[in-house]
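Here's the structure, in C-alpha cells; my notes come after.
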Amino acid sequence: MTPCSIILPAHDEADYIGPCLAHLLRQDHPGPVAVIVVANGCRDDTAGRARAHAPGFAARGWTLRVEELAQGGKIGALNHGDACAGPGMRVYLDADIRMGPRLLSGLMRVLEAPEPRYAGGRLVVAPARSPVSRAYARFWQKLPFVAQAVTGAGLFAVNQAARARWGAFPQVISDDTFARLQFEEAERFLVDEPYEWPLAEGFARLVRVRRRQDLGVAEIARLFPDLPRRQGHVRPGRGELLRLAAADPAGFAAYAAVALAVRMRRDQPGWARGR
C-alpha cells in the first residue's frame with residue numbers, strides 16, 4: 001500500500017497531544033504510516049507526552065518521530081515536517097483533533113489515484129462548555145461550507161501528485177485555506193467519516209478567532225489573487241440563510257452577534273487560539 005506521512009505541528013499541546021495520538025492508534029488503516037510530531041516553541045511537555053506513545057506505534061508497525069524546534073510557529077513546523085516526510089500520501093493534522101476510527105483508511109482510499117486529489121473528513125464540533133459557543137456551533141455546522149464542503153479545518157490530506165501543486169508553505173495565517181484552494185472543487189473529496197474539532201469557548205474568544213479566520217481569507221486573496229475563484233459554494237443565499245435562521249433562532253443570534261462584533265473590530269488583528 002502507498003505509505004502515508006502524518007504531519008502534526010504542536011505548540012504547547014501537552015493536554016491535547018495524548019488523545020490526538022491515541023485516536024490515531026485506533027485507526028483501522030492497515031498500511032504503513034509515519035507520524036511526525038513537530039513540537040515548536042513549546043514551554044510544556046508536549047514532546048515528552050508525544051514520545052510516550054512511541055511503543056504503541058511500534059507495536060502497529062508504524063513509526064512516531066518527534067522533532068523539537070526552538071522557534072514557535074505553525075508554518076515553520078509544517079515545512080519542517082514536510083522535510084522529514086517520505087514519499088506517498090500526506091495528512092496534515094492539528095494536535096487537538098480526534099479522528100474517527102475509519103477516517104484514515106477512508107482518506108487513503110480516496111487519495112489512491114494518479115491524479116491530484118485533496119481530501120478531508122466530516123467536521124464535528126466538539127461539545128463546548130459555553131452556551132454561546134454551543135449555539136454558535138449548532139448554527140455554523142449547518143452552513144454550506146461546513147455541511148457540504150471539505151473545510152480542511154484542523155485536518156486535510158493530499159496524495160503525492162496533489163502535494164506537488166505547491167512547494168513550501170508560505171507565511172500566511174490560514175495554511176488550510178492556502179492548501180485547499182490549490183484545488184478545484186472537483187478535485188476536493190469529502191470522506192464521510194467524522195473528526196472532532198474544538199471551537200473557541202465564549203463570545204470574546206469566538207470573536208477573536210473569527211476575526212483571525214477572516215483576516216486569513218483576506219490575506220490569501222491579497223497575496224494569491226488567483227486562488228479565491230476556487231472557493232465554491234461557501235456562503236448561503238438569502239433564502240437559505242433565512243431558512244436556517246428560522247430553524248434555529250438562538251444559533252443564528254449567536255452567529256450573527258459574533259459576525260457583527262468582528263465587523264466592528266476589524267482594526268484589531270492578532271494571533272488567536274481556538275481554546
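Convention: chains lettered A, B, ... in C-alpha cells order; per-chain residue numbering from 1; ligands numbered from 1 as shown.
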Test item: residues at most 7 Å from range 50-54 of chain A, only C-alpha atoms, excluding those fewer than 6 positions along its chain, as number ranges by chain: A: 17-18, 64, 66
- prompt: If we count only C-alpha atoms, what is near Glu184 in chain A at a cut-off of 9 Å, once residues fewer than 3 positions away on the same chain are taken out, given as a ChimeraX atom specification?
  reply: /A:180-181,187-188,229-232
Limited to C-alpha atoms, could you put the picked residues into a file as a PDB file, in the first residue's frame?
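Produced file part-v9.pdb, reproduced below:
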```
ATOM      1  CA  ARG A 180      -7.461  23.808  -0.129  1.00  0.00           C
ATOM      2  CA  LEU A 181      -7.541  26.487  -2.817  1.00  0.00           C
ATOM      3  CA  GLU A 187     -10.510  17.710  -7.026  1.00  0.00           C
ATOM      4  CA  ARG A 188     -11.642  18.007  -3.390  1.00  0.00           C
ATOM      5  CA  ARG A 229     -12.130  31.758  -7.539  1.00  0.00           C
ATOM      6  CA  ARG A 230     -11.853  28.123  -6.387  1.00  0.00           C
ATOM      7  CA  GLN A 231     -13.783  28.725  -3.165  1.00  0.00           C
ATOM      8  CA  GLY A 232     -17.008  27.209  -4.476  1.00  0.00           C
TER       9      GLY A 232
END
```
Selection near range 4-14 of chain A, 9 Å with only C-alpha atoms, sequence-local residues under 6 positions removed, as a PDB file with C-alpha atoms, in the first residue's frame:
```
ATOM      1  CA  GLY A  31      -0.980   0.332   5.555  1.00  0.00           C
ATOM      2  CA  PRO A  32       2.363   1.899   6.529  1.00  0.00           C
ATOM      3  CA  VAL A  33       2.168   5.171   8.467  1.00  0.00           C
ATOM      4  CA  ALA A  34       4.832   7.571   9.708  1.00  0.00           C
ATOM      5  CA  VAL A  35       3.689  10.165  12.240  1.00  0.00           C
ATOM      6  CA  ILE A  36       5.880  13.266  12.555  1.00  0.00           C
ATOM      7  CA  VAL A  37       5.123  15.450  15.572  1.00  0.00           C
ATOM      8  CA  VAL A  38       6.817  18.847  15.305  1.00  0.00           C
ATOM      9  CA  ALA A  39       6.815  20.433  18.752  1.00  0.00           C
ATOM     10  CA  ASN A  40       7.571  24.097  18.107  1.00  0.00           C
ATOM     11  CA  GLY A  41       8.396  26.715  20.728  1.00  0.00           C
ATOM     12  CA  CYS A  42       6.880  24.587  23.482  1.00  0.00           C
ATOM     13  CA  ARG A  43       7.093  25.595  27.132  1.00  0.00           C
ATOM     14  CA  ASP A  44       5.359  22.444  28.312  1.00  0.00           C
ATOM     15  CA  ASP A  45       5.847  18.682  27.951  1.00  0.00           C
ATOM     16  CA  THR A  46       4.269  18.275  24.519  1.00  0.00           C
ATOM     17  CA  ALA A  47       7.300  16.444  23.118  1.00  0.00           C
ATOM     18  CA  GLY A  48       7.664  14.113  26.097  1.00  0.00           C
ATOM     19  CA  ARG A  49       3.986  13.178  26.099  1.00  0.00           C
ATOM     20  CA  ALA A  50       4.148  12.505  22.382  1.00  0.00           C
ATOM     21  CA  GLY A  72       7.339  28.638  17.598  1.00  0.00           C
ATOM     22  CA  GLY A  73       5.180  28.973  14.508  1.00  0.00           C
ATOM     23  CA  LYS A  74       2.888  26.586  12.665  1.00  0.00           C
ATOM     24  CA  ILE A  75       4.204  27.352   9.172  1.00  0.00           C
ATOM     25  CA  GLY A  76       7.772  26.579  10.198  1.00  0.00           C
ATOM     26  CA  ALA A  77       6.564  23.368  11.842  1.00  0.00           C
ATOM     27  CA  LEU A  78       4.641  22.326   8.729  1.00  0.00           C
ATOM     28  CA  GLY A  81       7.519  18.141   8.961  1.00  0.00           C
ATOM     29  CA  ASP A  82       7.366  18.079   5.174  1.00  0.00           C
ATOM     30  CA  ALA A  85       8.403  13.063   5.441  1.00  0.00           C
ATOM     31  CA  GLY A  86       8.910  10.413   2.804  1.00  0.00           C
ATOM     32  CA  PRO A  87       7.046   9.876  -0.479  1.00  0.00           C
ATOM     33  CA  GLY A  88       3.381   8.992  -0.607  1.00  0.00           C
ATOM     34  CA  MET A  89       0.279  10.480   0.945  1.00  0.00           C
ATOM     35  CA  ARG A  90       0.405  13.433   3.349  1.00  0.00           C
ATOM     36  CA  VAL A  91      -2.045  14.141   6.148  1.00  0.00           C
ATOM     37  CA  TYR A  92      -1.801  17.492   7.956  1.00  0.00           C
ATOM     38  CA  LEU A  93      -3.312  17.202  11.409  1.00  0.00           C
ATOM     39  CA  ASP A  94      -3.730  19.672  14.274  1.00  0.00           C
ATOM     40  CA  ALA A  95      -2.830  18.384  17.725  1.00  0.00           C
ATOM     41  CA  ASP A  96      -6.291  18.938  19.184  1.00  0.00           C
ATOM     42  CA  MET A 108      -6.248   6.753   1.847  1.00  0.00           C
ATOM     43  CA  ALA A 157      -4.857  15.188   3.206  1.00  0.00           C
ATOM     44  CA  ASN A 159      -1.761  12.449  -2.479  1.00  0.00           C
TER      45      ASN A 159
END
```
- request: Apply DSSP to the structure's backbone, then extract all residues of range 54-272 of chain A labelled strand (DSSP E or B) and return them as a VMD selection string.
  value: chain A and resid 63 to 69 89 to 93 98 to 99 118 to 125 155 to 158 188 to 197
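Checking A:Ala256, A:Ala179, A:Val191, A:Ala261 one by one against Leu227 in chain A, counting only C-alpha atoms, you find the shortest gap at A:Ala179.
You will find CA of Glu240 in chain A at 18.3 Å from CA of Ala135 in chain A.
Of the residues listed (A:Trp62, A:Met99, A:Arg109, A:Ala22), A:Arg109 shows the shortest atom-to-atom separation from Thr2 in chain A; distances use only C-alpha atoms.
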